[in-house]
>>> print(open('upload-v6.txt').read())   # compact mmCIF, C-alpha atoms
# COMPACT_ATOMS: atom_id res chain seq x y z
CA MET I 2 -85.80 -31.27 -34.03
CA LEU I 3 -84.13 -31.42 -30.64
CA GLU I 4 -82.74 -34.95 -30.98
CA LYS I 5 -81.27 -34.23 -34.41
CA ASP I 6 -79.80 -30.90 -33.36
CA LEU I 7 -78.29 -32.45 -30.27
CA PHE I 8 -76.49 -35.31 -31.94
CA GLU I 9 -75.83 -34.25 -35.52
CA LYS I 10 -72.32 -33.04 -34.66
CA LEU I 11 -71.09 -36.29 -33.13
CA ASN I 12 -68.01 -37.89 -34.61
CA VAL I 13 -66.25 -41.24 -34.25
CA ASP I 14 -64.58 -40.17 -31.00
CA HIS I 15 -68.00 -39.39 -29.56
CA VAL I 16 -69.28 -42.81 -30.63
CA ARG I 17 -66.38 -44.34 -28.70
CA GLN I 18 -67.48 -42.47 -25.57
CA LEU I 19 -71.15 -43.39 -25.99
CA MET I 20 -70.28 -47.08 -26.33
CA ALA I 21 -68.45 -46.85 -23.02
CA TYR I 22 -71.83 -46.29 -21.34
CA LEU I 23 -73.13 -49.70 -22.48
CA PRO I 24 -72.01 -51.58 -19.33
CA LEU I 25 -73.95 -49.07 -17.22
CA LEU I 26 -77.07 -49.76 -19.27
CA GLU I 27 -76.71 -53.51 -18.85
CA GLN I 28 -76.18 -53.21 -15.09
CA ALA I 29 -79.04 -50.81 -14.36
CA ARG I 30 -81.95 -53.23 -14.01
CA PRO I 31 -80.25 -55.99 -11.97
CA GLU I 32 -78.71 -53.45 -9.62
CA LEU I 33 -82.05 -51.76 -9.03
CA ALA I 34 -83.69 -55.14 -8.42
CA LYS I 35 -81.05 -55.91 -5.77
CA LEU I 36 -81.63 -52.54 -4.11
CA MET I 37 -85.37 -53.13 -3.94
CA ALA I 38 -84.89 -56.60 -2.48
CA ALA I 39 -82.43 -55.33 0.11
CA LYS I 40 -84.39 -52.23 1.18
CA PRO I 41 -88.08 -52.81 0.42
CA GLU I 42 -89.18 -50.20 2.94
CA LYS I 43 -87.26 -47.50 1.07
CA THR I 44 -88.41 -48.50 -2.40
CA ALA I 45 -92.10 -49.17 -1.75
CA LYS I 46 -93.04 -45.84 -3.33
CA PHE I 47 -91.80 -47.15 -6.68
CA PHE I 48 -94.77 -49.51 -6.79
CA GLU I 49 -97.52 -46.97 -6.26
CA SER I 50 -100.10 -46.29 -8.98
CA GLY I 51 -98.52 -44.97 -12.14
CA LEU I 52 -95.71 -47.51 -12.51
CA ALA I 53 -96.34 -48.55 -16.11
CA TRP I 54 -94.54 -47.80 -19.33
CA GLY I 55 -95.91 -50.03 -22.08
CA GLY I 56 -97.76 -47.12 -23.67
CA LEU I 57 -94.50 -45.26 -24.23
CA TYR I 58 -93.52 -47.86 -26.81
CA ASP I 59 -96.40 -46.71 -29.03
CA LEU I 60 -94.62 -43.37 -29.42
CA THR I 61 -91.88 -42.63 -31.91
CA ILE I 62 -88.38 -42.70 -30.45
CA VAL I 63 -88.22 -38.89 -30.58
CA GLU I 64 -91.55 -38.58 -28.73
CA HIS I 65 -90.31 -41.17 -26.25
CA LEU I 66 -87.17 -39.15 -25.56
CA THR I 67 -89.27 -36.01 -25.20
CA VAL I 68 -91.36 -37.67 -22.48
CA PHE I 69 -88.16 -38.76 -20.73
CA SER I 70 -86.78 -35.22 -20.88
CA ASP I 71 -89.97 -33.83 -19.35
CA ILE I 72 -90.15 -36.39 -16.55
CA ALA I 73 -86.43 -36.15 -15.84
CA GLY I 74 -86.65 -32.34 -15.73
CA LEU I 75 -83.99 -31.94 -18.40
CA ASN I 76 -85.85 -29.86 -20.99
CA ASP I 77 -83.91 -26.65 -20.37
CA PHE I 78 -80.62 -28.52 -20.20
CA LEU I 79 -81.18 -30.30 -23.53
CA VAL I 80 -82.30 -27.13 -25.30
CA HIS I 81 -79.17 -25.39 -24.06
CA ALA I 82 -76.98 -28.31 -25.15
CA ALA I 83 -78.54 -28.45 -28.61
CA ALA I 84 -77.93 -24.72 -29.14
CA SER I 85 -74.30 -24.82 -28.04
CA PRO I 86 -71.32 -25.06 -30.43
CA ASP I 87 -70.46 -28.44 -28.87
CA PRO I 88 -73.69 -30.31 -27.99
CA HIS I 89 -71.82 -33.46 -27.06
CA GLY I 90 -69.47 -31.60 -24.74
CA GLU I 91 -72.44 -30.00 -23.03
CA MET I 92 -74.13 -33.39 -22.62
CA MET I 93 -71.05 -34.64 -20.81
CA LYS I 94 -71.81 -32.03 -18.14
CA LEU I 95 -75.07 -33.77 -17.25
CA ASP I 96 -73.56 -34.97 -13.97
CA ASP I 97 -73.55 -31.36 -12.81
CA HIS I 98 -77.24 -30.78 -13.53
CA PRO I 99 -79.29 -30.39 -10.30
CA ASP I 100 -82.03 -32.79 -11.47
CA PHE I 101 -79.42 -35.39 -12.36
CA GLN I 102 -77.89 -35.26 -8.89
CA GLU I 103 -81.21 -35.14 -7.06
CA TRP I 104 -84.45 -35.57 -8.96
CA ASN I 105 -87.08 -32.96 -8.09
CA GLY I 106 -90.24 -34.16 -9.77
CA GLY I 107 -89.35 -33.26 -13.35
CA THR I 108 -90.78 -30.29 -15.21
CA ASP I 109 -92.76 -28.11 -12.78
CA GLY I 110 -92.45 -30.87 -10.16
CA GLN I 111 -95.50 -32.64 -11.58
CA TYR I 112 -94.23 -36.25 -11.57
CA GLU I 113 -93.82 -38.97 -8.96
CA ILE I 114 -90.84 -41.29 -8.59
CA GLN I 115 -92.70 -44.21 -10.19
CA HIS I 116 -93.09 -42.15 -13.36
CA LEU I 117 -89.33 -41.63 -13.51
CA LEU I 118 -88.69 -45.32 -12.91
CA GLY I 119 -91.11 -46.26 -15.67
CA VAL I 120 -89.63 -43.99 -18.30
CA LEU I 121 -86.10 -45.11 -17.40
CA TYR I 122 -87.08 -48.76 -17.77
CA SER I 123 -88.77 -48.00 -21.08
CA LEU I 124 -85.61 -46.38 -22.44
CA ILE I 125 -83.54 -49.36 -21.34
CA GLY I 126 -86.08 -51.60 -23.07
CA THR I 127 -86.01 -49.74 -26.36
CA LEU I 128 -82.20 -49.63 -26.41
CA ASP I 129 -82.04 -53.32 -25.53
CA SER I 130 -84.32 -53.95 -28.50
CA LEU I 131 -81.94 -52.00 -30.71
CA MET I 132 -79.04 -54.16 -29.56
CA LEU I 133 -80.94 -57.41 -30.04
CA TYR I 134 -82.89 -56.80 -33.23
CA GLY I 135 -81.46 -53.67 -34.81
CA PHE I 136 -84.64 -51.65 -34.18
CA TYR I 137 -85.81 -49.49 -31.31
CA LEU I 138 -88.68 -51.23 -29.54
CA ASN I 139 -90.86 -48.34 -30.69
CA GLU I 140 -89.95 -49.25 -34.28
CA LEU I 141 -90.84 -52.91 -33.74
CA LEU I 142 -94.32 -51.93 -32.59
CA ALA I 143 -94.66 -49.57 -35.54
CA LYS I 144 -93.82 -52.46 -37.87
CA ALA I 145 -96.38 -54.63 -36.09
CA ARG I 146 -99.01 -51.90 -36.29
CA ASP I 147 -98.39 -50.60 -39.81
CA ASN I 148 -97.32 -53.80 -41.56
CA SER I 149 -99.31 -56.43 -39.62
CA ASP I 150 -95.95 -57.92 -38.64
CA ASP I 151 -96.60 -60.36 -35.79
CA GLU I 152 -92.95 -61.35 -35.52
CA ALA I 153 -92.03 -57.73 -34.82
CA LEU I 154 -94.66 -57.68 -32.08
CA PHE I 155 -93.35 -60.92 -30.57
CA ASN I 156 -89.79 -59.60 -30.66
CA ALA I 157 -90.89 -56.45 -28.83
CA ILE I 158 -92.54 -58.57 -26.13
CA ARG I 159 -89.45 -60.79 -25.88
CA VAL I 160 -87.40 -57.72 -25.06
CA ASP I 161 -89.86 -56.27 -22.55
CA PRO I 162 -93.08 -58.04 -21.52
CA LEU I 163 -94.57 -54.60 -20.72
CA ALA I 164 -94.86 -54.10 -24.48
CA ILE I 165 -97.93 -56.32 -24.22
CA THR I 166 -99.71 -53.42 -22.46
CA SER I 167 -99.19 -51.08 -25.42
CA ASP I 168 -102.18 -50.09 -27.55
CA THR I 169 -100.58 -51.82 -30.53
CA ALA I 170 -100.33 -55.15 -28.71
CA ALA I 171 -103.78 -54.80 -27.13
CA HIS I 172 -105.39 -54.26 -30.53
CA ARG I 173 -103.65 -57.28 -32.06
CA ILE I 174 -104.52 -59.50 -29.10
CA ALA I 175 -108.15 -58.37 -29.26
CA ARG I 176 -108.28 -59.28 -32.94
CA ALA I 177 -106.75 -62.69 -32.26
CA SER I 178 -109.26 -63.26 -29.48
CA VAL I 179 -112.21 -62.48 -31.75
CA GLN I 180 -110.75 -64.73 -34.45
CA ALA I 181 -109.95 -67.52 -31.95
CA ASP I 182 -106.40 -67.54 -33.34
CA ALA I 183 -104.82 -70.35 -31.30
CA LEU I 184 -101.51 -70.19 -33.18
CA PHE I 185 -101.12 -66.50 -32.37
CA PHE I 186 -101.66 -67.10 -28.66
CA SER I 187 -99.19 -69.98 -28.67
CA GLN I 188 -96.56 -67.73 -30.24
CA LEU I 189 -97.47 -64.93 -27.85
CA GLN I 190 -96.94 -67.23 -24.88
CA ASN I 191 -93.46 -68.12 -26.15
CA ALA I 192 -92.65 -64.44 -26.65
CA ILE I 193 -93.66 -63.61 -23.08
CA LYS I 194 -91.04 -66.10 -21.89
CA GLY I 195 -88.50 -63.68 -23.34
CA LYS I 196 -86.36 -66.08 -25.31
CA SER I 197 -84.22 -64.49 -28.01
CA GLY I 198 -81.86 -66.23 -30.37
CA LYS I 199 -78.27 -66.76 -29.25
CA GLN I 200 -76.98 -64.94 -32.31
CA ALA I 201 -79.19 -61.93 -31.59
CA ARG I 202 -77.77 -61.62 -28.08
CA TYR I 203 -74.20 -62.23 -29.21
CA LEU I 204 -74.40 -59.39 -31.73
CA LYS I 205 -76.36 -56.93 -29.63
CA LYS I 206 -73.41 -54.66 -28.83
CA PHE I 207 -72.39 -54.63 -32.49
CA LYS I 208 -75.91 -53.65 -33.58
CA LEU I 209 -75.98 -50.73 -31.17
CA PHE I 210 -72.59 -49.65 -32.49
CA MET I 211 -73.83 -49.77 -36.08
CA GLN I 212 -77.01 -47.86 -35.23
CA LEU I 213 -74.96 -45.09 -33.63
CA LEU I 214 -72.85 -44.85 -36.77
CA LEU I 215 -75.97 -44.79 -38.94
CA GLU I 216 -77.66 -42.04 -36.94
CA GLN I 217 -74.52 -39.90 -37.02
CA GLY I 218 -73.98 -40.32 -40.77
CA LEU I 219 -70.80 -42.32 -40.25
CA LEU I 220 -71.92 -45.61 -41.79
CA GLY I 221 -70.47 -44.60 -45.14
CA ARG I 222 -66.93 -44.73 -43.80
CA PRO I 223 -64.68 -47.34 -45.48
CA ASN I 224 -65.13 -50.88 -44.23
CA PHE I 225 -61.60 -51.09 -42.89
CA GLU I 226 -62.26 -48.09 -40.62
CA LEU I 227 -65.52 -49.55 -39.33
CA ARG I 228 -63.90 -52.94 -38.76
CA ALA I 229 -61.02 -51.40 -36.83
CA LEU I 230 -63.39 -49.36 -34.67
CA ALA I 231 -65.66 -52.35 -34.00
CA LEU I 232 -62.69 -54.41 -32.82
CA GLU I 233 -61.25 -51.53 -30.80
CA LEU I 234 -64.53 -51.08 -28.92
CA GLY I 235 -65.00 -54.79 -28.36
CA THR I 236 -68.29 -54.91 -30.24
CA TYR I 237 -67.05 -57.98 -32.11
CA ALA I 238 -64.57 -60.63 -31.02
CA GLU I 239 -61.30 -60.58 -32.93
CA ASP I 240 -60.46 -63.91 -34.55
CA ALA I 241 -59.21 -65.33 -37.84
CA ASN I 242 -62.58 -64.77 -39.53
CA ALA I 243 -63.29 -61.34 -38.06
CA GLU I 244 -62.51 -59.36 -41.22
CA LYS I 245 -64.73 -61.52 -43.44
CA ASN I 246 -67.56 -61.72 -40.91
CA LEU I 247 -67.52 -58.00 -40.15
CA ASN I 248 -67.58 -57.10 -43.83
CA GLU I 249 -70.68 -59.28 -44.25
CA LEU I 250 -72.38 -57.88 -41.15
CA ILE I 251 -71.70 -54.31 -42.27
CA ARG I 252 -73.06 -55.10 -45.73
CA LYS I 253 -76.23 -56.65 -44.31
CA PHE I 254 -76.79 -53.78 -41.89
CA ARG I 255 -76.42 -51.19 -44.65
CA LYS I 256 -78.81 -53.13 -46.89
CA LYS I 257 -81.34 -53.60 -44.10
CA LYS I 258 -81.41 -49.91 -43.24
CA THR I 259 -81.70 -48.76 -46.85
CA THR I 260 -84.64 -51.08 -47.57
CA GLN I 261 -86.74 -50.32 -44.48
>>> encode(input="upload-v6.txt", output="structure tokens")
Amino acid sequence: MLEKDLFEKLNVDHVRQLMAYLPLLEQARPELAKLMAAKPEKTAKFFESGLAWGGLYDLTIVEHLTVFSDIAGLNDFLVHAAASPDPHGEMMKLDDHPDFQEWNGGTDGQYEIQHLLGVLYSLIGTLDSLMLYGFYLNELLAKARDNSDDEALFNAIRVDPLAITSDTAAHRIARASVQADALFFSQLQNAIKGKSGKQARYLKKFKLFMQLLLEQGLLGRPNFELRALALELGTYAEDANAEKNLNELIRKFRKKKTTQ
């Protein structure tokens, strides 16, 4: 599997570097919104037919990344990186890739700019979900679909209202409509407002950090190492209770991921 091959060789130093990209992720949407407001004549093409991404959340995270790779025109680059002795080192050369410097319509030039914008926003959404709730947005919809978990659906919509256009959400809303489920629609309305708990937002950077460790097989490291790394990277504020609180958060995260 491409994603597994690409990242299986990451170590703690690589996690440090990946966490450094978090500020860029958080700045992407507001900066693009400012650009569109300042130069509407140059960004009008973004809003042509095809600007939609809710359906991407119905995919698994690997399928989602595959779509991104195709639209971004990075298939050959990622295959080459995965096959190299140092996949992470190769990924750091992405800045030199022609399609990274100037997008050319993706694989075979078959996509329009609004498709690229949509898949980029969807990736930001699913990573934001990971930071807020400890699950990719794709996973939240899977929980809603497979386990009839309405709270997972509402959390997905809180992160990105476009999740309401997914097949999973459409099916659940249709069922609620047929059943005249007033409580469901009241909860749905609250979810669309996008309000997440303060604790969820406070811990979002820490949750992303823990997920990276999990996916790279590093979550089994001793607690003192994980605590030190969390504090070093600023994923948790250092205070008198940091050691106790981090131990408890690490314990809960490990338990949550082993009982999914």
>>> residues_around(input="upload-v6.txt", residues="Gly56 (chain I)", least_positions_apart="6", cutoff="10 Å", atoms="only C-alpha atoms", output="NGL selection string")
:I and (65 or 123 or 139 or 163-170)
>>> closest_residue(input="upload-v6.txt", among="I:Val179, I:Ile251, I:Ala145, I:Ala82", to="Leu220 (chain I)", atoms="all atoms listed in the file")
I:Ile251
>>> residues_near_point(input="upload-v6.txt", point="(-71.1, -50.7, -30.1)", cutoff="7 Å", atoms="only C-alpha atoms", output="PyMOL selection string")
chain I and resi 20+206-211+231+234+236
>>> closest_residue(input="upload-v6.txt", among="I:His81, I:Glu249, I:Asp129, I:Tyr58", to="Lys144 (chain I)", atoms="all atoms listed in the file")
I:Tyr58
>>> atom_distance(input="upload-v6.txt", atom1="CA of Ile62 (chain I)", atom2="CA of Leu124 (chain I)")
9.2 Å
>>> closest_residue(input="upload-v6.txt", among="I:Ile174, I:Glu216, I:Lys253, I:Leu204", to="Tyr237 (chain I)", atoms="all atoms listed in the file")
I:Leu204
>>> axis_aligned_box(input="upload-v6.txt", around="region 241-253 of chain I", padding_each_side="5 Å", output="JSON")
{"center_x": -67.7, "center_y": -59.8, "center_z": -41.8, "size_x": 27.0, "size_y": 21.0, "size_z": 17.9}
>>> residues_around(input="upload-v6.txt", residues="region 182-190 of chain I", least_positions_apart="2", cutoff="12 Å", atoms="only C-alpha atoms", output="JSON, numbers by chain")
{"I": [150, 151, 152, 153, 154, 155, 156, 157, 158, 159, 162, 164, 165, 170, 171, 173, 174, 175, 176, 177, 178, 179, 180, 192, 193, 194, 195, 196]}
>>> atom_distance(input="upload-v6.txt", atom1="CA of Met37 (chain I)", atom2="CA of His116 (chain I)")
16.4 Å
>>> closest_residue(input="upload-v6.txt", among="I:Gly126, I:Gly135, I:Gly110, I:Gly119", to="Gln212 (chain I)", atoms="all atoms listed in the file")
I:Gly135
